[in-house]
Amino acid sequence: MTPHLISIYALVLMFVIATIWPINMGVLAFVGAFLVGTLLAAQTTKDIIAGFPGGLFLTLVGITWLFALAQNNGTIDWLVRMAVRAVKGRIGAIPWIMFGISALLTAVGAVSPGAVAIVAPIALGFAFRYHISPLLMGLMVVHGAQAGGFSPISIYGGITNGVVAKAGLPLSAMTTFAASFAVNAAVAAILFMVLGGRKLMAARDVIETVNVPHVDIARAATGPQIFGDSEAEALSRRIGAEAGGDSNRLVAEVDEGNQPDGTPYQIFTLAGLVLLAILVLAFNLDIGFVALTIGLALALWNPTMQKRAMAQVAWPEIMLITGVSTYVAVLQAMGTIDFVGDSVAGMASPLLAALMLFFIGAVVSAFASSTAVLGSLIPLAVPFLQGDNGVSAIGFIAGMAVASTIVDVSPFSTNGALVLANAHGVDKQAFFRKLLNYGAIVTVVAPVVLWLIFVVLPG
């Protein structure tokens, strides 16, 4: 058995173990990266660590910490109430508004994870408070971001068009953009109807009369060891009991979240969120570093208000996502991805090769960078796209683009990870399985449907 096959079987085994037993798959993936990398790929631990997705780690930590701060000081509650008044209580419009905002952001040049990172926390806050399916809301945000992702001035669009032009293939940027928007909008419409959209449409004008108090949507860990509080560490349970207090609460806690609307601190927080969007979307700064910087400013303004926020960061989800990403980086470094792609591209049937490339693009993109997939798989298709074999180059590129990005709903992709990390008031393990199941369905079904639409029918 070749090292490539062993590494693929190891990934499948990780899924099986994580499904049967309550073991974080990130731990399995880190161990797998170490064993496969050192024993099969002759990598050093330094090489393996180099594959750790530092940017994704910072994005997840920064965003979840910043929005935990905004939750605790009541800013999210304030935003939700303002938005509800703006849509005049039409709950059914809220998922589509989130879809549209995400699509607009990516269409004008925002990177897809950046748009999702900005919109998802607010969208899932709506879902929690107004009993909208969090799965529906999260998927609407991701599919919205993917819908606008291939406009001629977008990140995905620019990269794909550049790769196609370099390969000397026919180019139709608007066809790719239209295909991405139409497919994602159609999927969003189906999800809306299946996941409770019809009930939401009938619930208009009701929520304005309902008083929705703040609810703890993320519970922080407690104890002095969490925060490194030396005074709390020195205070034993007996001394705390003698003083009539709690040894974990030496400082009086504020009533987090239950704050009046429009306080100076909330206005400052809202200004920080707007600044985050501007710096990320207009100046292409790293969203993780920007979120941490703004979060630090908020923490310095009111240290007591923020003291539980760091424990509200989605650490288990971050461990899972970064672990799997590190393992995939090992596979890429040892050539497993290229091995599979080259094997498929060498098939005798161009139609079958196109289908298999769609599948590879979907599967790999569900775990790794969609941009990298597009940049590596389109060139593999050049030989049979240039020949007279009935495969339309424009149709193939459009289908490949959609197949390689629509799977970003997977909890192992950046977009899916952001949805998982910001889902509130749900069983995270159950929600992870829902995202995983949906991602698996999309990964299996989408390549076939897109292949039929964009490759077989035009031929």
# chains A, B, ... in the order shown; residues from 1 in each chain; ligands from 1
>>> residues_around(residues="A:Val108", least_positions_apart="6", cutoff="12 Å", atoms="only C-alpha atoms", output="number ranges by chain")
A: 101-102, 115, 145, 147-158, 281-282
>>> write_last_selection(atoms="N, CA and C atoms", output="PDB file, in the first residue's frame")
ATOM      1  N   ILE A 101     -26.555  40.696   2.205  1.00  0.00           N
ATOM      2  CA  ILE A 101     -25.400  41.447   2.706  1.00  0.00           C
ATOM      3  C   ILE A 101     -24.113  40.673   2.436  1.00  0.00           C
ATOM      4  N   SER A 102     -24.127  39.379   2.697  1.00  0.00           N
ATOM      5  CA  SER A 102     -22.939  38.558   2.456  1.00  0.00           C
ATOM      6  C   SER A 102     -22.565  38.555   0.976  1.00  0.00           C
ATOM      7  N   ALA A 115     -16.245  38.218   4.914  1.00  0.00           N
ATOM      8  CA  ALA A 115     -17.660  38.574   4.910  1.00  0.00           C
ATOM      9  C   ALA A 115     -18.445  37.710   5.895  1.00  0.00           C
ATOM     10  N   ALA A 145     -22.355  34.514   0.725  1.00  0.00           N
ATOM     11  CA  ALA A 145     -20.965  34.877   0.448  1.00  0.00           C
ATOM     12  C   ALA A 145     -20.451  34.187  -0.806  1.00  0.00           C
ATOM     13  N   ALA A 147     -22.368  33.179  -3.284  1.00  0.00           N
ATOM     14  CA  ALA A 147     -23.134  33.674  -4.432  1.00  0.00           C
ATOM     15  C   ALA A 147     -22.445  34.858  -5.095  1.00  0.00           C
ATOM     16  N   GLY A 148     -21.906  35.756  -4.289  1.00  0.00           N
ATOM     17  CA  GLY A 148     -21.235  36.926  -4.853  1.00  0.00           C
ATOM     18  C   GLY A 148     -19.755  36.725  -5.079  1.00  0.00           C
ATOM     19  N   GLY A 149     -19.266  35.522  -4.789  1.00  0.00           N
ATOM     20  CA  GLY A 149     -17.826  35.303  -4.737  1.00  0.00           C
ATOM     21  C   GLY A 149     -17.093  35.329  -6.059  1.00  0.00           C
ATOM     22  N   PHE A 150     -17.819  35.229  -7.196  1.00  0.00           N
ATOM     23  CA  PHE A 150     -17.131  35.162  -8.488  1.00  0.00           C
ATOM     24  C   PHE A 150     -17.441  36.347  -9.385  1.00  0.00           C
ATOM     25  N   SER A 151     -17.810  37.472  -8.789  1.00  0.00           N
ATOM     26  CA  SER A 151     -17.954  38.673  -9.611  1.00  0.00           C
ATOM     27  C   SER A 151     -16.587  39.036 -10.185  1.00  0.00           C
ATOM     28  N   PRO A 152     -16.551  39.742 -11.313  1.00  0.00           N
ATOM     29  CA  PRO A 152     -15.254  40.056 -11.943  1.00  0.00           C
ATOM     30  C   PRO A 152     -14.301  40.835 -11.051  1.00  0.00           C
ATOM     31  N   ILE A 153     -14.824  41.538 -10.036  1.00  0.00           N
ATOM     32  CA  ILE A 153     -13.941  42.315  -9.163  1.00  0.00           C
ATOM     33  C   ILE A 153     -13.726  41.646  -7.808  1.00  0.00           C
ATOM     34  N   SER A 154     -14.187  40.396  -7.665  1.00  0.00           N
ATOM     35  CA  SER A 154     -14.046  39.699  -6.389  1.00  0.00           C
ATOM     36  C   SER A 154     -12.720  38.968  -6.324  1.00  0.00           C
ATOM     37  N   ILE A 155     -12.403  38.451  -5.131  1.00  0.00           N
ATOM     38  CA  ILE A 155     -11.157  37.709  -4.931  1.00  0.00           C
ATOM     39  C   ILE A 155     -11.184  36.405  -5.735  1.00  0.00           C
ATOM     40  N   TYR A 156     -12.224  35.581  -5.537  1.00  0.00           N
ATOM     41  CA  TYR A 156     -12.330  34.319  -6.259  1.00  0.00           C
ATOM     42  C   TYR A 156     -12.362  34.551  -7.769  1.00  0.00           C
ATOM     43  N   GLY A 157     -13.150  35.550  -8.183  1.00  0.00           N
ATOM     44  CA  GLY A 157     -13.271  35.827  -9.607  1.00  0.00           C
ATOM     45  C   GLY A 157     -11.943  36.222 -10.230  1.00  0.00           C
ATOM     46  N   GLY A 158     -11.214  37.086  -9.540  1.00  0.00           N
ATOM     47  CA  GLY A 158      -9.922  37.522 -10.065  1.00  0.00           C
ATOM     48  C   GLY A 158      -8.937  36.370 -10.184  1.00  0.00           C
ATOM     49  N   LEU A 281     -12.410  45.011   4.652  1.00  0.00           N
ATOM     50  CA  LEU A 281     -12.953  45.000   3.307  1.00  0.00           C
ATOM     51  C   LEU A 281     -12.285  46.018   2.393  1.00  0.00           C
ATOM     52  N   ALA A 282     -11.985  47.196   2.926  1.00  0.00           N
ATOM     53  CA  ALA A 282     -11.432  48.254   2.081  1.00  0.00           C
ATOM     54  C   ALA A 282      -9.908  48.226   2.012  1.00  0.00           C
TER      55      ALA A 282
END
>>> residues_around(residues="stretch 175-185 of chain A", least_positions_apart="5", cutoff="12 Å", atoms="only C-alpha atoms", output="PyMOL selection string")
chain A and resi 96+99-100+102-104+106-107+139-158+160-161+164+170+190-192+393-409+442+446-447+449-450+453-454
>>> residues_around(residues="A:Pro316", least_positions_apart="5", cutoff="9 Å", atoms="only C-alpha atoms", output="PyMOL selection string")
chain A and resi 24+26+321+421
>>> write_last_selection(atoms="N, CA, C and O atoms", output="compact mmCIF listing (two decimals), in the first residue's frame")
# COMPACT_ATOMS: atom_id res chain seq x y z
N ASN A 24 -12.43 14.85 20.35
CA ASN A 24 -12.27 15.98 19.44
C ASN A 24 -11.42 15.53 18.25
O ASN A 24 -10.29 15.08 18.40
N GLY A 26 -9.94 17.27 16.17
CA GLY A 26 -8.72 18.05 16.03
C GLY A 26 -7.52 17.36 16.67
O GLY A 26 -6.41 17.37 16.11
N ILE A 321 -10.89 22.51 13.87
CA ILE A 321 -10.64 23.06 12.54
C ILE A 321 -9.15 23.13 12.24
O ILE A 321 -8.69 22.73 11.17
N ALA A 421 -18.58 28.16 15.16
CA ALA A 421 -18.05 28.86 16.34
C ALA A 421 -19.03 29.90 16.87
O ALA A 421 -19.03 30.19 18.07
>>> select_by_dssp(residues="stretch 66-131 of chain A", states="helix (DSSP H, G or I)", output="NGL selection string")
:A and (66-72 or 75-86 or 93-107 or 112-129)
>>> atom_distance(atom1="atom CA of A:Leu270", atom2="atom CA of A:Ala127")
19.9 Å
>>> residues_around(residues="A:Lys434", least_positions_apart="6", cutoff="10 Å", atoms="only C-alpha atoms", output="PyMOL selection string")
chain A and resi 135+410-411+428+440
>>> closest_atom_pairs(of="stretch 247-355 of chain A", to="stretch 2-21 of chain A", cutoff="12 Å", atoms="only C-alpha atoms", output="JSON lines")
{"residue": "A:Leu320", "atom": "CA", "partner": "A:Ala18", "partner_atom": "CA", "distance": 10.4}
{"residue": "A:Gly323", "atom": "CA", "partner": "A:Met14", "partner_atom": "CA", "distance": 11.2}
{"residue": "A:Val324", "atom": "CA", "partner": "A:Leu11", "partner_atom": "CA", "distance": 8.9}
{"residue": "A:Ser325", "atom": "CA", "partner": "A:Leu11", "partner_atom": "CA", "distance": 11.5}
{"residue": "A:Thr326", "atom": "CA", "partner": "A:Leu11", "partner_atom": "CA", "distance": 11.9}
{"residue": "A:Tyr327", "atom": "CA", "partner": "A:Leu11", "partner_atom": "CA", "distance": 8.4}
{"residue": "A:Val328", "atom": "CA", "partner": "A:Leu11", "partner_atom": "CA", "distance": 9.0}
{"residue": "A:Ala329", "atom": "CA", "partner": "A:Ser7", "partner_atom": "CA", "distance": 11.7}
{"residue": "A:Val330", "atom": "CA", "partner": "A:Ser7", "partner_atom": "CA", "distance": 9.2}
{"residue": "A:Leu331", "atom": "CA", "partner": "A:Ser7", "partner_atom": "CA", "distance": 7.1}
{"residue": "A:Gln332", "atom": "CA", "partner": "A:His4", "partner_atom": "CA", "distance": 10.3}
{"residue": "A:Ala333", "atom": "CA", "partner": "A:His4", "partner_atom": "CA", "distance": 11.1}
{"residue": "A:Met334", "atom": "CA", "partner": "A:His4", "partner_atom": "CA", "distance": 8.0}
{"residue": "A:Gly335", "atom": "CA", "partner": "A:His4", "partner_atom": "CA", "distance": 7.7}
{"residue": "A:Thr336", "atom": "CA", "partner": "A:His4", "partner_atom": "CA", "distance": 5.2}
{"residue": "A:Ile337", "atom": "CA", "partner": "A:His4", "partner_atom": "CA", "distance": 8.6}
{"residue": "A:Asp338", "atom": "CA", "partner": "A:His4", "partner_atom": "CA", "distance": 10.1}
{"residue": "A:Phe339", "atom": "CA", "partner": "A:His4", "partner_atom": "CA", "distance": 7.7}
{"residue": "A:Val340", "atom": "CA", "partner": "A:His4", "partner_atom": "CA", "distance": 8.7}
>>> closest_residue(among="A:Phe359, A:Phe412, A:Phe268, A:Phe128", to="A:Asn73", atoms="only C-alpha atoms")
A:Phe268
>>> closest_residue(among="A:Phe126, A:Phe34, A:Phe358, A:Phe431", to="A:Glu317", atoms="only C-alpha atoms")
A:Phe431
>>> atom_distance(atom1="atom CA of A:Val187", atom2="atom CA of A:Ala202")
21.3 Å
>>> atom_distance(atom1="atom CA of A:Leu292", atom2="atom CA of A:Leu56")
13.2 Å
